[in-house]
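*Asks:* Next up, start_38.cif (mmCIF, C-alpha atoms).
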```cif
data_input
loop_
_atom_site.label_atom_id
_atom_site.label_comp_id
_atom_site.auth_asym_id
_atom_site.auth_seq_id
_atom_site.Cartn_x
_atom_site.Cartn_y
_atom_site.Cartn_z
CA MET Z 1 25.00 -45.04 -26.37
CA ILE Z 2 25.90 -41.63 -25.00
CA VAL Z 3 26.52 -40.39 -21.46
CA ALA Z 4 24.12 -37.66 -20.28
CA THR Z 5 24.13 -35.72 -17.01
CA SER Z 6 20.97 -34.00 -15.79
CA VAL Z 7 20.87 -30.39 -14.70
CA ARG Z 8 20.30 -31.41 -11.07
CA ALA Z 9 23.36 -33.68 -11.13
CA ARG Z 10 25.50 -30.98 -12.73
CA GLU Z 11 24.41 -28.59 -10.00
CA LEU Z 12 26.11 -30.98 -7.55
CA GLY Z 13 29.39 -30.42 -9.37
CA LEU Z 14 29.34 -33.65 -11.39
CA LEU Z 15 30.55 -32.04 -14.60
CA HIS Z 16 32.98 -34.62 -15.97
CA PRO Z 17 31.67 -38.20 -15.78
CA ARG Z 18 33.41 -40.70 -18.02
CA VAL Z 19 32.26 -44.13 -19.17
CA TRP Z 20 34.09 -46.84 -21.11
CA ARG Z 21 32.78 -50.02 -22.70
CA LEU Z 22 34.98 -53.04 -21.99
CA ALA Z 23 34.64 -55.93 -24.44
CA SER Z 24 36.48 -59.22 -24.73
CA GLU Z 25 36.12 -62.47 -26.66
CA ARG Z 26 36.69 -64.28 -23.38
CA PRO Z 27 34.38 -63.81 -20.38
CA LEU Z 28 35.58 -60.80 -18.40
CA LEU Z 29 35.71 -62.73 -15.13
CA SER Z 30 37.76 -65.61 -16.55
CA ALA Z 31 41.21 -63.99 -16.36
CA ALA Z 32 43.36 -64.83 -13.34
CA GLY Z 33 43.63 -62.08 -10.77
CA LEU Z 34 46.52 -60.20 -9.22
CA SER Z 35 48.54 -61.37 -6.26
CA ALA Z 36 48.77 -59.15 -3.20
CA ASP Z 37 52.31 -58.11 -4.16
CA GLU Z 38 51.32 -57.33 -7.74
CA ALA Z 39 48.35 -55.27 -6.59
CA ALA Z 40 50.41 -53.35 -4.02
CA SER Z 41 53.05 -52.47 -6.61
CA LEU Z 42 50.34 -51.02 -8.86
CA HIS Z 43 48.21 -49.04 -6.42
CA GLN Z 44 50.91 -47.65 -4.11
CA PRO Z 45 51.47 -44.91 -3.22
CA HIS Z 46 47.91 -43.82 -2.59
CA ARG Z 47 46.95 -40.36 -3.74
CA PRO Z 48 44.98 -38.18 -1.31
CA VAL Z 49 41.25 -38.81 -1.55
CA PRO Z 50 39.74 -35.76 -3.28
CA ALA Z 51 37.65 -33.73 -0.83
CA GLY Z 52 34.89 -33.56 -3.41
CA TYR Z 53 33.71 -37.09 -2.67
CA ARG Z 54 32.80 -36.16 0.92
CA GLU Z 55 31.40 -32.83 -0.29
CA LEU Z 56 29.14 -34.68 -2.71
CA LEU Z 57 27.70 -36.91 0.01
CA SER Z 58 27.17 -33.89 2.26
CA ALA Z 59 25.34 -32.09 -0.55
CA LEU Z 60 23.10 -35.15 -0.89
CA GLY Z 61 22.28 -34.91 2.82
CA HIS Z 62 24.47 -37.81 3.99
CA PRO Z 63 27.61 -36.33 5.59
CA SER Z 64 28.19 -39.41 7.76
CA VAL Z 65 28.46 -41.79 4.79
CA VAL Z 66 32.08 -42.70 4.03
CA PRO Z 67 33.00 -42.42 0.33
CA ALA Z 68 33.65 -45.69 -1.50
CA GLY Z 69 37.34 -45.01 -2.07
CA GLU Z 70 37.98 -44.39 1.61
CA ARG Z 71 36.00 -47.48 2.61
CA LEU Z 72 37.94 -49.70 0.25
CA ARG Z 73 41.28 -48.42 1.52
CA GLU Z 74 40.18 -49.17 5.08
CA LEU Z 75 38.97 -52.64 4.08
CA VAL Z 76 42.20 -53.62 2.33
CA ALA Z 77 44.26 -52.22 5.23
CA THR Z 78 42.37 -54.34 7.77
CA ARG Z 79 41.55 -57.51 5.81
CA GLY Z 80 44.28 -57.59 3.19
CA TRP Z 81 44.06 -57.90 -0.59
CA GLN Z 82 41.43 -60.19 -2.06
CA SER Z 83 41.47 -60.94 -5.77
CA HIS Z 84 38.29 -61.27 -7.84
CA GLY Z 85 39.83 -61.75 -11.26
CA ALA Z 86 41.99 -59.39 -13.29
CA VAL Z 87 39.25 -57.10 -14.62
CA VAL Z 88 37.67 -56.50 -11.21
CA ASP Z 89 41.15 -56.24 -9.69
CA ALA Z 90 42.04 -53.47 -12.16
CA VAL Z 91 39.05 -51.46 -10.96
CA THR Z 92 40.01 -52.13 -7.34
CA VAL Z 93 43.57 -50.95 -7.96
CA ALA Z 94 42.31 -47.75 -9.58
CA THR Z 95 39.97 -47.16 -6.65
CA LEU Z 96 42.80 -47.62 -4.17
CA ARG Z 97 45.24 -45.44 -6.11
CA HIS Z 98 42.88 -42.52 -6.74
CA GLY Z 99 40.47 -42.82 -3.79
CA ALA Z 100 37.53 -42.66 -6.17
CA GLY Z 101 34.33 -44.62 -6.47
CA ILE Z 102 34.19 -46.59 -9.75
CA GLY Z 103 31.31 -48.58 -11.19
CA LEU Z 104 31.60 -51.81 -13.21
CA HIS Z 105 28.36 -53.14 -14.65
CA ARG Z 106 27.23 -55.70 -17.21
CA ALA Z 107 26.59 -53.72 -20.38
CA PRO Z 108 23.55 -53.83 -22.63
CA SER Z 109 24.20 -54.94 -26.18
CA ALA Z 110 25.89 -52.31 -28.31
CA GLY Z 111 23.40 -50.48 -30.49
CA ASP Z 112 20.32 -51.38 -28.44
CA GLY Z 113 19.30 -47.71 -28.20
CA GLN Z 114 19.88 -47.13 -24.49
CA ASP Z 115 21.96 -44.30 -23.08
CA LEU Z 116 23.50 -43.81 -19.64
CA LEU Z 117 22.02 -41.04 -17.52
CA VAL Z 118 23.50 -39.53 -14.34
CA THR Z 119 20.74 -37.83 -12.37
CA ARG Z 120 19.01 -37.44 -9.00
CA ALA Z 121 16.17 -39.73 -8.00
CA GLU Z 122 12.63 -38.49 -8.44
CA GLY Z 123 11.29 -40.85 -5.77
CA GLY Z 124 9.81 -43.71 -7.78
CA GLU Z 125 13.06 -45.50 -8.58
CA ARG Z 126 13.86 -48.86 -6.99
CA ILE Z 127 16.94 -51.06 -6.98
CA VAL Z 128 17.80 -54.61 -5.94
CA PRO Z 129 21.31 -54.15 -4.50
CA ALA Z 130 24.11 -56.48 -5.56
CA PHE Z 131 24.20 -59.73 -3.58
CA SER Z 132 20.60 -59.19 -2.50
CA THR Z 133 17.13 -60.20 -3.65
CA LYS Z 134 15.16 -57.45 -1.92
CA SER Z 135 14.05 -54.39 -3.87
CA ARG Z 136 14.63 -51.06 -2.14
CA PRO Z 137 13.29 -47.59 -2.90
CA ILE Z 138 15.79 -44.88 -3.76
CA PRO Z 139 15.01 -41.71 -1.75
CA PRO Z 140 14.19 -38.58 -3.75
CA GLY Z 141 17.27 -36.46 -4.33
CA ASP Z 142 19.83 -39.23 -3.94
CA LEU Z 143 22.21 -39.75 -6.84
CA VAL Z 144 21.45 -42.48 -9.35
CA TYR Z 145 22.83 -43.46 -12.71
CA GLY Z 146 21.59 -46.05 -15.12
CA LEU Z 147 20.13 -46.89 -18.49
CA THR Z 148 17.53 -44.76 -20.20
CA ARG Z 149 15.65 -44.64 -23.49
CA ASP Z 150 13.88 -41.31 -23.05
CA GLY Z 151 16.56 -39.29 -21.26
CA ARG Z 152 14.49 -39.06 -18.07
CA THR Z 153 13.31 -42.46 -16.81
CA VAL Z 154 16.26 -44.47 -15.56
CA GLU Z 155 16.86 -48.16 -14.86
CA PRO Z 156 19.40 -47.86 -12.04
CA LEU Z 157 22.85 -49.35 -12.34
CA ALA Z 158 23.95 -47.72 -9.08
CA TRP Z 159 22.62 -45.66 -6.18
CA LEU Z 160 24.72 -43.22 -4.17
CA GLY Z 161 23.45 -41.38 -1.10
CA LYS Z 162 21.90 -43.02 1.93
CA ARG Z 163 23.27 -46.25 0.46
CA ASP Z 164 26.10 -46.85 -1.97
CA CYS Z 165 25.30 -49.92 -4.02
CA ASP Z 166 25.18 -51.43 -7.48
CA ALA Z 167 22.20 -53.17 -9.06
CA ALA Z 168 22.15 -56.96 -8.83
CA ALA Z 169 20.62 -57.23 -12.30
CA HIS Z 170 23.76 -55.75 -13.86
CA GLN Z 171 26.45 -57.56 -11.89
CA LEU Z 172 29.09 -59.28 -13.99
CA THR Z 173 28.46 -63.01 -14.40
CA ALA Z 174 30.54 -65.94 -15.59
CA ASP Z 175 29.46 -65.39 -19.20
CA THR Z 176 29.72 -61.57 -19.32
CA HIS Z 177 31.76 -60.36 -22.29
CA GLU Z 178 30.92 -56.63 -22.18
CA ALA Z 179 30.82 -54.20 -19.27
CA LEU Z 180 30.49 -50.50 -18.57
CA LEU Z 181 33.20 -48.82 -16.49
CA VAL Z 182 31.69 -45.70 -14.90
CA VAL Z 183 33.65 -42.87 -13.29
CA LEU Z 184 31.46 -40.03 -12.00
CA GLY Z 185 34.27 -37.85 -10.69
CA ALA Z 186 33.62 -35.41 -7.87
CA PRO Z 187 32.91 -31.72 -7.26
CA GLY Z 188 36.04 -29.66 -7.72
CA GLU Z 189 37.74 -32.22 -9.96
CA ASP Z 190 38.27 -31.61 -13.66
CA ALA Z 191 37.99 -34.05 -16.56
CA ALA Z 192 41.63 -35.11 -16.09
CA HIS Z 193 40.71 -36.79 -12.79
CA ALA Z 194 38.26 -39.18 -14.44
CA GLU Z 195 40.56 -39.72 -17.43
CA GLU Z 196 43.45 -40.67 -15.12
CA ILE Z 197 41.25 -43.26 -13.41
CA GLY Z 198 40.38 -44.82 -16.75
CA ALA Z 199 44.06 -44.77 -17.72
CA THR Z 200 44.93 -46.62 -14.50
CA VAL Z 201 42.41 -49.36 -15.28
CA ALA Z 202 43.91 -49.69 -18.76
CA GLU Z 203 47.43 -49.77 -17.28
CA VAL Z 204 46.59 -52.61 -14.89
CA LEU Z 205 44.83 -54.61 -17.60
CA ALA Z 206 47.87 -54.22 -19.84
CA ALA Z 207 50.19 -55.29 -17.01
CA ALA Z 208 48.02 -58.37 -16.50
CA ARG Z 209 48.10 -59.01 -20.27
CA ILE Z 210 44.33 -59.02 -20.56
CA GLU Z 211 43.15 -58.81 -24.15
CA LEU Z 212 40.11 -56.58 -24.37
CA THR Z 213 38.99 -53.34 -25.94
CA MET Z 214 38.28 -50.29 -23.80
CA THR Z 215 36.23 -47.80 -25.77
CA PRO Z 216 35.11 -44.39 -24.45
CA VAL Z 217 31.35 -43.85 -24.54
CA PRO Z 218 30.60 -40.46 -26.18
CA LEU Z 219 29.38 -37.63 -23.99
CA GLY Z 220 26.02 -36.07 -24.75
CA VAL Z 221 25.70 -32.32 -25.16
CA PRO Z 222 24.00 -30.93 -22.00
CA GLU Z 223 20.87 -28.88 -22.52
CA PRO Z 224 21.06 -25.30 -21.19
CA ASP Z 225 19.45 -25.12 -17.76
CA SER Z 226 16.74 -22.81 -19.05
CA LYS Z 227 15.58 -25.47 -21.49
CA ALA Z 228 15.82 -28.43 -19.16
CA PRO Z 229 12.51 -30.13 -18.35
CA PRO Z 230 11.27 -29.94 -14.75
CA GLY Z 231 12.87 -32.50 -12.47
CA SER Z 232 15.68 -33.26 -14.92
#
```
If you convert what's in this file into structure tokens, what do you get?
*Replies:*
Amino acid sequence: MIVATSVRARELGLLHPRVWRLASERPLLSAAGLSADEAASLHQPHRPVPAGYRELLSALGHPSVVPAGERLRELVATRGWQSHGAVVDAVTVATLRHGAGIGLHRAPSAGDGQDLLVTRAEGGERIVPAFSTKSRPIPPGDLVYGLTRDGRTVEPLAWLGKRDCDAAAHQLTADTHEALLVVLGAPGEDAAHAEEIGATVAEVLAAARIELTMTPVPLGVPEPDSKAPPGS
């Protein structure tokens, strides 16, 4: 697997996505989660939410949509901390600390030939959002990332734009042993931003004494814009 970013996604300023494969002999959801005090000690103080996350949504044509990091901070402030197991909690802590949207998805088997593509929807893509059974069309131009075999057609893992949702088909389940941690970054942020988010997830997992491997997925070499196929 490699991580590829289309020309149209790079034009939005998404230049430094990072993906890690998490793998454990035990199911990823089996580890006990963090208490409210433990979580607070790890994600405080909050860093300012990078302006690029709102800029990205505005560039997609959805300036009124609140970025995922901001929404989660508001939710925890109003409803309090809710644990969903140590691995999910580590992602939540990183989201709260950095104000960034982070994806966590059930991974395909290693070596199955699929890559991860970050791109903009062509108009034929559909997704069944997490915790739903109804398929929805993804509007042309919205941001989507997912699995691909040909570098163009994508099976969505997540949709960002008019909606911000993950695909139900790739939610972690009770017997999931491998997952993909996806950090897209934001316009105006360099590679260090995404790397710091991954480091925070690793820090929280280590603090919780979770035994798993966290392996970076290699980045593909972008094609020059002049050689990119139409609609890439």
*Asks:* Using only C-alpha atoms, can you list as a ChimeraX atom specification the residues within 12 Å of (16.1, -52.5, -0.9)?
*Replies:* /Z:125-139,159,162-168
*Asks:* Could you work out how far CA of Leu72 (chain Z) lies from CA of His43 (chain Z), giving the answer in Å with one decimal?
*Replies:* 12.3 Å
*Asks:* From the set Z:Leu60, Z:Ala179, Z:Val201, Z:Leu157, which residue has the shortest atom-to-atom contact distance to Arg97 (chain Z), counting all atoms listed in the file?
*Replies:*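 Of the candidates, the smallest distance to Arg97 (chain Z) is held by Z:Val201.
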*Asks:* Which distance in Å separates CA of His62 (chain Z) and CA of Leu143 (chain Z), to one decimal?
*Replies:*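 CA of Leu143 (chain Z) lies at a distance of 11.2 Å from CA of His62 (chain Z).
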*Asks:* Selected by the PyMOL selection byres ((chain Z and resi 22) around 12) in the shown coordinates: which residues, as a ChimeraX atom specification?
*Replies:* /Z:19-21,23-29,87-88,91,104-110,172,176-182,198,201-202,205,210-217
*Asks:* Next, the residues of the selection above should be written as a compact mmCIF listing (two decimals), in the coordinates of the input with C-alpha atoms.
*Replies:*
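The resulting file, again34.txt, is reproduced below:
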```txt
# COMPACT_ATOMS: atom_id res chain seq x y z
CA VAL Z 19 32.26 -44.13 -19.17
CA TRP Z 20 34.09 -46.84 -21.11
CA ARG Z 21 32.78 -50.02 -22.70
CA ALA Z 23 34.64 -55.93 -24.44
CA SER Z 24 36.48 -59.22 -24.73
CA GLU Z 25 36.12 -62.47 -26.66
CA ARG Z 26 36.69 -64.28 -23.38
CA PRO Z 27 34.38 -63.81 -20.38
CA LEU Z 28 35.58 -60.80 -18.40
CA LEU Z 29 35.71 -62.73 -15.13
CA VAL Z 87 39.25 -57.10 -14.62
CA VAL Z 88 37.67 -56.50 -11.21
CA VAL Z 91 39.05 -51.46 -10.96
CA LEU Z 104 31.60 -51.81 -13.21
CA HIS Z 105 28.36 -53.14 -14.65
CA ARG Z 106 27.23 -55.70 -17.21
CA ALA Z 107 26.59 -53.72 -20.38
CA PRO Z 108 23.55 -53.83 -22.63
CA SER Z 109 24.20 -54.94 -26.18
CA ALA Z 110 25.89 -52.31 -28.31
CA LEU Z 172 29.09 -59.28 -13.99
CA THR Z 176 29.72 -61.57 -19.32
CA HIS Z 177 31.76 -60.36 -22.29
CA GLU Z 178 30.92 -56.63 -22.18
CA ALA Z 179 30.82 -54.20 -19.27
CA LEU Z 180 30.49 -50.50 -18.57
CA LEU Z 181 33.20 -48.82 -16.49
CA VAL Z 182 31.69 -45.70 -14.90
CA GLY Z 198 40.38 -44.82 -16.75
CA VAL Z 201 42.41 -49.36 -15.28
CA ALA Z 202 43.91 -49.69 -18.76
CA LEU Z 205 44.83 -54.61 -17.60
CA ILE Z 210 44.33 -59.02 -20.56
CA GLU Z 211 43.15 -58.81 -24.15
CA LEU Z 212 40.11 -56.58 -24.37
CA THR Z 213 38.99 -53.34 -25.94
CA MET Z 214 38.28 -50.29 -23.80
CA THR Z 215 36.23 -47.80 -25.77
CA PRO Z 216 35.11 -44.39 -24.45
CA VAL Z 217 31.35 -43.85 -24.54
```
*Asks:* Counting all atoms listed in the file, figure out which residue out of Z:Gly141, Z:Gly85, Z:Gly103, Z:Gly33 gets nearest to Gln171 (chain Z).
*Replies:*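 The shortest atom-to-atom distance to Gln171 (chain Z) comes from Z:Gly103.
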*Asks:* Between Z:Gln114, Z:Ser64, Z:Thr92, Z:Ser41, which residue has the minimum interatomic distance to Ile2 (chain Z), considering all atoms listed in the file?
*Replies:* Z:Gln114
*Asks:* Between CA of Ser35 (chain Z) and CA of Gly185 (chain Z), what is the distance, to one decimal in Å?
*Replies:*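 Distance reported for this atom pair: 27.9 Å.
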*Asks:* Between Z:Val93, Z:Gln82, Z:Leu219, Z:Thr153, which has the minimum distance to Ala199 (chain Z) (counting only C-alpha atoms)?
*Replies:* Z:Val93
*Asks:* Which is closest to Ala51 (chain Z) among Z:Leu15, Z:Ala121, Z:Ala186, Z:Ala174, if we use all atoms listed in the file?
*Replies:*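 With all atoms listed in the file as the atom set, the closest residue is Z:Ala186.
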*Asks:* Care to translate the PyMOL selection byres ((chain Z and resi 149) around 7) into actual residues of this file, as a ChimeraX atom specification?
*Replies:* /Z:113-115,148,150-151
*Asks:* Keeping only C-alpha atoms, write those residues as a CSV table (one decimal), in the frame of the given file.
*Replies:*
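Contents of selection_18.csv, freshly written:
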```
chain,number,residue,atom,x,y,z
Z,113,GLY,CA,19.3,-47.7,-28.2
Z,114,GLN,CA,19.9,-47.1,-24.5
Z,115,ASP,CA,22.0,-44.3,-23.1
Z,148,THR,CA,17.5,-44.8,-20.2
Z,150,ASP,CA,13.9,-41.3,-23.0
Z,151,GLY,CA,16.6,-39.3,-21.3
```
*Asks:* Let me make sure I understand: among Z:Arg152, Z:Ala31, Z:Arg10, Z:Pro48, which one has the smallest atom-to-atom distance to His84 (chain Z) if we use all atoms listed in the file?
*Replies:*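 Counting all atoms listed in the file, the residue closest to His84 (chain Z) is Z:Ala31.
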*Asks:* Kindly resolve the PyMOL selection byres ((chain Z and resi 9) around 12) on the present coordinates and return the residues as a ChimeraX atom specification.
*Replies:* /Z:4-8,10-17,56,59-60,117-121,141-145,160,184-187,222,225,231-232
*Asks:* To test the calculation: enclose all listed atoms of region 178-190 of chain Z in a box whose edges run along x, y and z, add 3 Å on each side, then state centre and edge lengths in Å to one decimal, as JSON.
*Replies:*
```
{"center_x": 34.4, "center_y": -43.1, "center_z": -14.7, "size_x": 13.8, "size_y": 33.0, "size_z": 20.9}
```
*Asks:* Saving region 182-214 of chain Z with N, CA and C atoms, as a PDB file, in the first residue's frame, what would that file be?
*Replies:*
```
ATOM      1  N   VAL Z 182      -5.518   7.825   9.582  1.00  0.00           N
ATOM      2  CA  VAL Z 182      -5.360   8.752   8.460  1.00  0.00           C
ATOM      3  C   VAL Z 182      -5.382  10.191   8.970  1.00  0.00           C
ATOM      4  N   VAL Z 183      -4.323  10.927   8.651  1.00  0.00           N
ATOM      5  CA  VAL Z 183      -4.226  12.351   8.976  1.00  0.00           C
ATOM      6  C   VAL Z 183      -4.021  13.109   7.674  1.00  0.00           C
ATOM      7  N   LEU Z 184      -5.021  13.877   7.254  1.00  0.00           N
ATOM      8  CA  LEU Z 184      -4.920  14.611   5.988  1.00  0.00           C
ATOM      9  C   LEU Z 184      -4.106  15.884   6.125  1.00  0.00           C
ATOM     10  N   GLY Z 185      -4.074  16.460   7.332  1.00  0.00           N
ATOM     11  CA  GLY Z 185      -3.461  17.771   7.470  1.00  0.00           C
ATOM     12  C   GLY Z 185      -4.405  18.854   6.968  1.00  0.00           C
ATOM     13  N   ALA Z 186      -3.857  20.025   6.732  1.00  0.00           N
ATOM     14  CA  ALA Z 186      -4.688  21.155   6.310  1.00  0.00           C
ATOM     15  C   ALA Z 186      -3.851  22.129   5.504  1.00  0.00           C
ATOM     16  N   PRO Z 187      -4.492  22.955   4.667  1.00  0.00           N
ATOM     17  CA  PRO Z 187      -3.755  23.993   3.944  1.00  0.00           C
ATOM     18  C   PRO Z 187      -2.957  24.873   4.905  1.00  0.00           C
ATOM     19  N   GLY Z 188      -1.741  25.168   4.522  1.00  0.00           N
ATOM     20  CA  GLY Z 188      -0.899  26.025   5.352  1.00  0.00           C
ATOM     21  C   GLY Z 188      -0.103  25.288   6.415  1.00  0.00           C
ATOM     22  N   GLU Z 189      -0.354  24.000   6.582  1.00  0.00           N
ATOM     23  CA  GLU Z 189       0.382  23.209   7.569  1.00  0.00           C
ATOM     24  C   GLU Z 189       1.405  22.329   6.867  1.00  0.00           C
ATOM     25  N   ASP Z 190       2.588  22.214   7.460  1.00  0.00           N
ATOM     26  CA  ASP Z 190       3.627  21.403   6.847  1.00  0.00           C
ATOM     27  C   ASP Z 190       3.532  19.956   7.325  1.00  0.00           C
ATOM     28  N   ALA Z 191       4.487  19.139   6.891  1.00  0.00           N
ATOM     29  CA  ALA Z 191       4.458  17.717   7.227  1.00  0.00           C
ATOM     30  C   ALA Z 191       4.578  17.493   8.735  1.00  0.00           C
ATOM     31  N   ALA Z 192       5.242  18.418   9.443  1.00  0.00           N
ATOM     32  CA  ALA Z 192       5.428  18.251  10.884  1.00  0.00           C
ATOM     33  C   ALA Z 192       4.093  18.206  11.621  1.00  0.00           C
ATOM     34  N   HIS Z 193       3.091  18.920  11.110  1.00  0.00           N
ATOM     35  CA  HIS Z 193       1.772  18.927  11.750  1.00  0.00           C
ATOM     36  C   HIS Z 193       1.193  17.521  11.791  1.00  0.00           C
ATOM     37  N   ALA Z 194       1.177  16.845  10.653  1.00  0.00           N
ATOM     38  CA  ALA Z 194       0.639  15.489  10.601  1.00  0.00           C
ATOM     39  C   ALA Z 194       1.497  14.523  11.410  1.00  0.00           C
ATOM     40  N   GLU Z 195       2.817  14.693  11.348  1.00  0.00           N
ATOM     41  CA  GLU Z 195       3.708  13.808  12.090  1.00  0.00           C
ATOM     42  C   GLU Z 195       3.490  13.956  13.599  1.00  0.00           C
ATOM     43  N   GLU Z 196       3.253  15.181  14.061  1.00  0.00           N
ATOM     44  CA  GLU Z 196       3.008  15.404  15.491  1.00  0.00           C
ATOM     45  C   GLU Z 196       1.716  14.718  15.938  1.00  0.00           C
ATOM     46  N   ILE Z 197       0.713  14.717  15.066  1.00  0.00           N
ATOM     47  CA  ILE Z 197      -0.543  14.059  15.411  1.00  0.00           C
ATOM     48  C   ILE Z 197      -0.317  12.557  15.565  1.00  0.00           C
ATOM     49  N   GLY Z 198       0.415  11.967  14.618  1.00  0.00           N
ATOM     50  CA  GLY Z 198       0.731  10.552  14.745  1.00  0.00           C
ATOM     51  C   GLY Z 198       1.539  10.252  15.995  1.00  0.00           C
ATOM     52  N   ALA Z 199       2.478  11.151  16.335  1.00  0.00           N
ATOM     53  CA  ALA Z 199       3.286  10.968  17.534  1.00  0.00           C
ATOM     54  C   ALA Z 199       2.431  11.027  18.794  1.00  0.00           C
ATOM     55  N   THR Z 200       1.401  11.878  18.789  1.00  0.00           N
ATOM     56  CA  THR Z 200       0.506  11.954  19.943  1.00  0.00           C
ATOM     57  C   THR Z 200      -0.267  10.658  20.114  1.00  0.00           C
ATOM     58  N   VAL Z 201      -0.771  10.099  19.023  1.00  0.00           N
ATOM     59  CA  VAL Z 201      -1.470   8.809  19.108  1.00  0.00           C
ATOM     60  C   VAL Z 201      -0.538   7.755  19.692  1.00  0.00           C
ATOM     61  N   ALA Z 202       0.699   7.707  19.207  1.00  0.00           N
ATOM     62  CA  ALA Z 202       1.661   6.742  19.726  1.00  0.00           C
ATOM     63  C   ALA Z 202       1.947   6.979  21.209  1.00  0.00           C
ATOM     64  N   GLU Z 203       2.043   8.245  21.606  1.00  0.00           N
ATOM     65  CA  GLU Z 203       2.293   8.596  23.009  1.00  0.00           C
ATOM     66  C   GLU Z 203       1.181   8.089  23.911  1.00  0.00           C
ATOM     67  N   VAL Z 204      -0.069   8.297  23.497  1.00  0.00           N
ATOM     68  CA  VAL Z 204      -1.204   7.879  24.324  1.00  0.00           C
ATOM     69  C   VAL Z 204      -1.276   6.353  24.401  1.00  0.00           C
ATOM     70  N   LEU Z 205      -1.026   5.692  23.293  1.00  0.00           N
ATOM     71  CA  LEU Z 205      -1.039   4.228  23.302  1.00  0.00           C
ATOM     72  C   LEU Z 205       0.044   3.683  24.224  1.00  0.00           C
ATOM     73  N   ALA Z 206       1.214   4.314  24.208  1.00  0.00           N
ATOM     74  CA  ALA Z 206       2.291   3.881  25.098  1.00  0.00           C
ATOM     75  C   ALA Z 206       1.916   4.120  26.555  1.00  0.00           C
ATOM     76  N   ALA Z 207       1.287   5.271  26.837  1.00  0.00           N
ATOM     77  CA  ALA Z 207       0.870   5.578  28.203  1.00  0.00           C
ATOM     78  C   ALA Z 207      -0.163   4.575  28.702  1.00  0.00           C
ATOM     79  N   ALA Z 208      -1.001   4.100  27.780  1.00  0.00           N
ATOM     80  CA  ALA Z 208      -2.025   3.116  28.138  1.00  0.00           C
ATOM     81  C   ALA Z 208      -1.493   1.691  28.098  1.00  0.00           C
ATOM     82  N   ARG Z 209      -0.206   1.546  27.736  1.00  0.00           N
ATOM     83  CA  ARG Z 209       0.463   0.246  27.673  1.00  0.00           C
ATOM     84  C   ARG Z 209      -0.236  -0.709  26.703  1.00  0.00           C
ATOM     85  N   ILE Z 210      -0.574  -0.169  25.550  1.00  0.00           N
ATOM     86  CA  ILE Z 210      -1.200  -0.976  24.507  1.00  0.00           C
ATOM     87  C   ILE Z 210      -0.104  -1.520  23.601  1.00  0.00           C
ATOM     88  N   GLU Z 211      -0.075  -2.826  23.441  1.00  0.00           N
ATOM     89  CA  GLU Z 211       0.934  -3.458  22.614  1.00  0.00           C
ATOM     90  C   GLU Z 211       0.416  -3.586  21.178  1.00  0.00           C
ATOM     91  N   LEU Z 212       0.943  -2.741  20.316  1.00  0.00           N
ATOM     92  CA  LEU Z 212       0.626  -2.835  18.898  1.00  0.00           C
ATOM     93  C   LEU Z 212       1.764  -2.217  18.104  1.00  0.00           C
ATOM     94  N   THR Z 213       1.763  -2.478  16.815  1.00  0.00           N
ATOM     95  CA  THR Z 213       2.737  -1.840  15.936  1.00  0.00           C
ATOM     96  C   THR Z 213       2.043  -0.717  15.185  1.00  0.00           C
ATOM     97  N   MET Z 214       2.771   0.356  14.960  1.00  0.00           N
ATOM     98  CA  MET Z 214       2.254   1.526  14.256  1.00  0.00           C
ATOM     99  C   MET Z 214       3.249   1.836  13.145  1.00  0.00           C
TER     100      MET Z 214
END
```
